[in-house]
Every structure is written in structure tokens, then in C-alpha cells.
Amino acid sequence: MVEKIFEITSEAGLHARPATALVHSVNVFASNVNIEYKGRSVNLKSIMGVMSLGVPHGAEIKISADGSDEQEAIQAVISAIEKEALGVVK
């Protein structure tokens, strides 16, 4: 299992457009990928799950990947977060 902690720096938080980009970035991988915020963990491959977290500006989130391509999945998340100017790796 691979985990990374991110701080959401986007003023709008994790809103629909970047959330969709995150979901698309991991849907191609076989690994299970989860996002955790305030003790709740949801499947990062589910836009409804991600949006249900209501992640605001300044929030700290944990993204974990577990499976045969977990390293590639986490790298795809990092790339998507950077591309969307959504946050930074802590």
C-alpha cells in the first residue's frame, strides 16, 4: 500500500471539475484507490463518493492505493493534483 498526504490549496476546495479529473486519473488502474478526509474514506474512482466528502480549501487529505499498479496510480494522482493546481504534497 502506498499513501500520500495532500493539502488542498485551491480556493474552491475539491469541487466538481478537479474531482472529476482525479477520478479519471485513477480509473485506468487495477489498484484500489481511496481518498480520506476527516476520518471518512471513499473510493477515489467514484465521483459521488469524492463529492460527498465536501473537501474545502486548506483541508488535508490522504490518498492511498493498494494493488499491482499502486505506484503508478499514486503518481497519476500527484500529476492530476499538480495539473489542476488543486494542492500540494505534504
# chains A, B, ... in the order shown; residues from 1 in each chain; ligands from 1

$ residues_around --residues "Glu3 (chain A)" --least-positions-apart "4" --cutoff "7 Å" --atoms "only C-alpha atoms" --output "list in words"
Lys62, Ile63, Ser64 and Ala65 of chain A

$ residues_around --residues "Ile47 (chain A)" --least-positions-apart "3" --cutoff "12 Å" --atoms "only C-alpha atoms" --output "list in words"
Leu14, His15, Ala16, Arg17, Pro18, Ala19, Thr20, Ala21, Leu22, Val23, His24, Ser25, Val26, Asn27, Asn34, Ile35, Val42, Asn43, Leu44, Val50, Met51, Ser52, Leu53 and Gly54 of chain A

$ closest_residue --among "A:Leu86, A:Ala30, A:Met48, A:Val55" --to "Glu70 (chain A)" --atoms "only C-alpha atoms"
A:Ala30

$ residues_around --residues "Ser31 (chain A)" --least-positions-apart "3" --cutoff "6 Å" --atoms "only C-alpha atoms" --output "PyMOL selection string"
chain A and resi 66-67+69-70

$ closest_residue --among "A:Ser41, A:His57, A:Ala85, A:Lys90" --to "Ile5 (chain A)" --atoms "only C-alpha atoms"
A:Lys90

$ select_by_dssp --residues "chain A" --states "helix (DSSP H, G or I)" --output "ChimeraX atom specification"
/A:16-26,47-52,70-83

$ atom_distance --atom1 "CA of Ile8 (chain A)" --atom2 "CA of Glu60 (chain A)"
6.4 Å

$ closest_residue --among "A:Val89, A:Met1, A:Gly49, A:Gly13" --to "Val77 (chain A)" --atoms "only C-alpha atoms"
A:Val89

$ atom_distance --atom1 "CA of Gly58 (chain A)" --atom2 "CA of Val28 (chain A)"
28.3 Å

$ closest_residue --among "A:Ile74, A:Glu82, A:Pro56, A:Ile61" --to "Val33 (chain A)" --atoms "only C-alpha atoms"
A:Ile74
